[in-house]
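Notes follow once the structure below has been shown.
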Amino acid sequence: MLLSVGMSNTTLSFSRFRQQADRDPAKSPQLIIVDGAQGGQTGMRWADLKTRLWAEVENRLQRAGVSAQQVQVIWMKQAEAGPANLGEFPRHALVLKTNLATSLHNLKAKFPNLRIAYLSSRTYGGYATTQLNPEPFAFGTAFAPRWLI
């Protein structure tokens, strides 16, 4: 079972991936793909086990007819909202790195059979019209998974 974890940018990419993968005749019918990523759910929120986003992940798994024990692979793409408030590079990237590490621990606790985690960085943010996660901060977030690995 493959599960995505992340923010709105993640769910947009992953929903398209899922459509293509589910149509691929070479994909095993035993592989179930669930989009657990959710809009507005930053790295900081995934690092907190008390946020309601975890209940939504459980709901999505239930609707797909799978349990937490079946999750073996995750794809995680995270960023932090308003990284300018966290400090200039490398400070904002180090905050994200810490939240990624905590999120991975949370994922392993929630999904005991988790075996593989794929980490991606946020996509180019040069066309951003808000301060949610513009450049150069979007570029800087690529260092967080790299440093973590």
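How things are named: the first chain in the structure tokens is A, the next is B, and so on; residues count from 1 in each chain; ligands count from 1 in the order shown.
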For Trp75 in chain A, please output as a PyMOL selection string all residues within 9 Å (counting only C-alpha atoms; exclusion window: fewer than 2 positions along the same chain).
-> chain A and resi 2-6+10+14+73+77+116-120
Residue subset to file, keeping C-alpha atoms, as a short mmCIF file (atom, residue, chain, number, x, y, z; two decimals), in the first residue's frame:
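Resulting contents of out16.cif:
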data_model
loop_
_atom_site.label_atom_id
_atom_site.label_comp_id
_atom_site.auth_asym_id
_atom_site.auth_seq_id
_atom_site.Cartn_x
_atom_site.Cartn_y
_atom_site.Cartn_z
CA LEU A 2 1.34 3.41 -1.05
CA LEU A 3 0.30 6.54 0.85
CA SER A 4 1.08 10.19 0.13
CA VAL A 5 1.79 12.60 2.97
CA GLY A 6 2.05 16.34 2.69
CA THR A 10 1.54 17.16 -2.70
CA PHE A 14 -0.20 12.72 -6.19
CA VAL A 73 5.43 2.84 1.36
CA LYS A 77 6.57 16.19 0.12
CA ILE A 116 10.12 2.78 2.46
CA ALA A 117 9.74 6.55 2.59
CA TYR A 118 10.34 8.65 -0.51
CA LEU A 119 11.06 12.30 0.25
CA SER A 120 10.64 15.12 -2.24
#
Residue nearest Ser13 in chain A - candidates A:Gln69, A:Gln38, A:Thr51, A:Gln131, atoms counted: only C-alpha atoms | A:Gln38
So which one's closest to Val66 in chain A, A:Arg146, A:Ala93, A:Ala26, A:Met1? Using only C-alpha atoms, please.
->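 Looking at the shortest contact to Val66 in chain A, the residue is A:Met1.
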Got a sec: who's within 12 Å of Leu86 in chain A, counting only C-alpha atoms, leaving out chain neighbours fewer than 3 positions off, as a list in words?
->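 Surrounding residues, per the criterion: Met44, Ala79, Glu80, Ala81, Gly82, Pro83, Phe89, Pro90, Arg91, His92, Ala93, Leu94, Val95, Leu96, Asn133, Phe137 and Thr141 of chain A.
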Identify, with DSSP run on backbone atoms, the residues in chain A assigned to strand (DSSP E or B), and express the list as a VMD selection string.
-> chain A and resid 2 to 6 33 to 35 73 to 77 116 to 120
Using the chain letters and numbers from this document, which residues of chain A does DSSP assign to helix (DSSP H, G or I), as a VMD selection string?
-> chain A and resid 8 to 23 43 to 46 53 to 63 68 to 70 83 to 86 91 to 110 137 to 140 143 to 148
Considering only C-alpha atoms, return as a list in words whatever protein or nucleic-acid residues lie within 8 Å of range 112-115 of chain A, sequence-local ones (same chain, fewer than 6 positions apart) excluded.
->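 These residues fall inside the cut-off: Ala68, Gln69, Gln70, Val71, Gln72, Val73 and Ile74 of chain A.
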Expected file contents, prior selection, C-alpha atoms, as a JSON list (two decimals), in the first residue's frame:
[["chain", "number", "residue", "atom", "x", "y", "z"],
["A", 68, "ALA", "CA", -2.79, 1.19, 8.92],
["A", 69, "GLN", "CA", -0.98, -2.18, 9.08],
["A", 70, "GLN", "CA", -1.06, -2.38, 5.27],
["A", 71, "VAL", "CA", 0.83, 0.85, 4.66],
["A", 72, "GLN", "CA", 4.33, -0.10, 3.52],
["A", 73, "VAL", "CA", 5.43, 2.84, 1.36],
["A", 74, "ILE", "CA", 4.91, 6.58, 1.71]]
Determine, counting only C-alpha atoms, which protein, DNA and RNA residues have an atom within 10 Å of an atom of Ala64 in chain A; residues of the same chain fewer than 5 positions away are not included. Present the result as a list of chain:residue names.
->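 Skipping anything fewer than 5 positions along the chain leaves A:Ile32, A:Ile33, A:Val34, A:Asp35, A:Glu58, A:Asn59.
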Limited to C-alpha atoms, could you put the picked residues into a file as a compact mmCIF listing (two decimals), in the first residue's frame?
# COMPACT_ATOMS: atom_id res chain seq x y z
CA ILE A 32 -3.59 0.19 -3.37
CA ILE A 33 -2.72 3.87 -3.67
CA VAL A 34 -4.19 6.37 -1.19
CA ASP A 35 -3.73 10.12 -1.19
CA GLU A 58 -7.33 7.11 8.84
CA ASN A 59 -10.66 8.00 7.17
Any idea what the distance is between CA of Gly65 in chain A and CA of Gln30 in chain A?
-> 12.1 Å
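Of note, CA of Asn85 in chain A and CA of Thr42 in chain A are spaced 14.1 Å apart.
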Can you tell me, as a ChimeraX atom specification, what residues are no more than 12 Å from His105 in chain A when counting only C-alpha atoms, ignoring any on the same chain fewer than 4 positions away?
-> /A:46-49,98-101,109-112,114,117
Same residues, N, CA and C atoms, output as a PDB file, in the first residue's frame:
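This went into selection_2.pdb:
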ATOM      1  N   TRP A  46       2.295  17.956  10.355  1.00  0.00           N
ATOM      2  CA  TRP A  46       2.518  16.501  10.277  1.00  0.00           C
ATOM      3  C   TRP A  46       3.400  16.032  11.429  1.00  0.00           C
ATOM      4  N   ALA A  47       4.198  16.932  11.982  1.00  0.00           N
ATOM      5  CA  ALA A  47       5.068  16.578  13.108  1.00  0.00           C
ATOM      6  C   ALA A  47       4.293  16.512  14.427  1.00  0.00           C
ATOM      7  N   ASP A  48       3.037  16.934  14.418  1.00  0.00           N
ATOM      8  CA  ASP A  48       2.219  16.964  15.626  1.00  0.00           C
ATOM      9  C   ASP A  48       1.158  15.861  15.575  1.00  0.00           C
ATOM     10  N   LEU A  49       1.288  14.867  16.420  1.00  0.00           N
ATOM     11  CA  LEU A  49       0.337  13.746  16.427  1.00  0.00           C
ATOM     12  C   LEU A  49      -1.058  14.146  16.905  1.00  0.00           C
ATOM     13  N   THR A  98      13.850  19.199  10.795  1.00  0.00           N
ATOM     14  CA  THR A  98      13.418  18.676  12.095  1.00  0.00           C
ATOM     15  C   THR A  98      11.996  18.142  12.017  1.00  0.00           C
ATOM     16  N   ASN A  99      11.118  18.882  11.348  1.00  0.00           N
ATOM     17  CA  ASN A  99       9.725  18.446  11.226  1.00  0.00           C
ATOM     18  C   ASN A  99       9.591  17.218  10.330  1.00  0.00           C
ATOM     19  N   LEU A 100      10.423  17.111   9.325  1.00  0.00           N
ATOM     20  CA  LEU A 100      10.425  15.904   8.490  1.00  0.00           C
ATOM     21  C   LEU A 100      10.825  14.681   9.322  1.00  0.00           C
ATOM     22  N   ALA A 101      11.859  14.831  10.114  1.00  0.00           N
ATOM     23  CA  ALA A 101      12.328  13.717  10.947  1.00  0.00           C
ATOM     24  C   ALA A 101      11.235  13.290  11.931  1.00  0.00           C
ATOM     25  N   ALA A 109       5.275   5.105  13.703  1.00  0.00           N
ATOM     26  CA  ALA A 109       4.426   4.740  14.844  1.00  0.00           C
ATOM     27  C   ALA A 109       3.001   4.422  14.392  1.00  0.00           C
ATOM     28  N   LYS A 110       2.486   5.195  13.460  1.00  0.00           N
ATOM     29  CA  LYS A 110       1.119   4.984  12.956  1.00  0.00           C
ATOM     30  C   LYS A 110       1.017   3.777  12.029  1.00  0.00           C
ATOM     31  N   PHE A 111       2.092   3.542  11.282  1.00  0.00           N
ATOM     32  CA  PHE A 111       2.091   2.479  10.275  1.00  0.00           C
ATOM     33  C   PHE A 111       3.261   1.536  10.549  1.00  0.00           C
ATOM     34  N   PRO A 112       3.063   0.545  11.417  1.00  0.00           N
ATOM     35  CA  PRO A 112       4.159  -0.297  11.889  1.00  0.00           C
ATOM     36  C   PRO A 112       4.859  -1.103  10.792  1.00  0.00           C
ATOM     37  N   LEU A 114       5.565   0.112   7.794  1.00  0.00           N
ATOM     38  CA  LEU A 114       6.178   1.043   6.853  1.00  0.00           C
ATOM     39  C   LEU A 114       7.624   0.619   6.590  1.00  0.00           C
ATOM     40  N   ALA A 117      10.256   5.183   2.624  1.00  0.00           N
ATOM     41  CA  ALA A 117       9.743   6.550   2.585  1.00  0.00           C
ATOM     42  C   ALA A 117      10.504   7.309   1.500  1.00  0.00           C
TER      43      ALA A 117
END
At what distance in Å, to one decimal, does CA of Leu53 in chain A lie from CA of Ser121 in chain A?
->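 Taking CA of Ser121 in chain A as the start and CA of Leu53 in chain A as the end point, the length is 20.4 Å.
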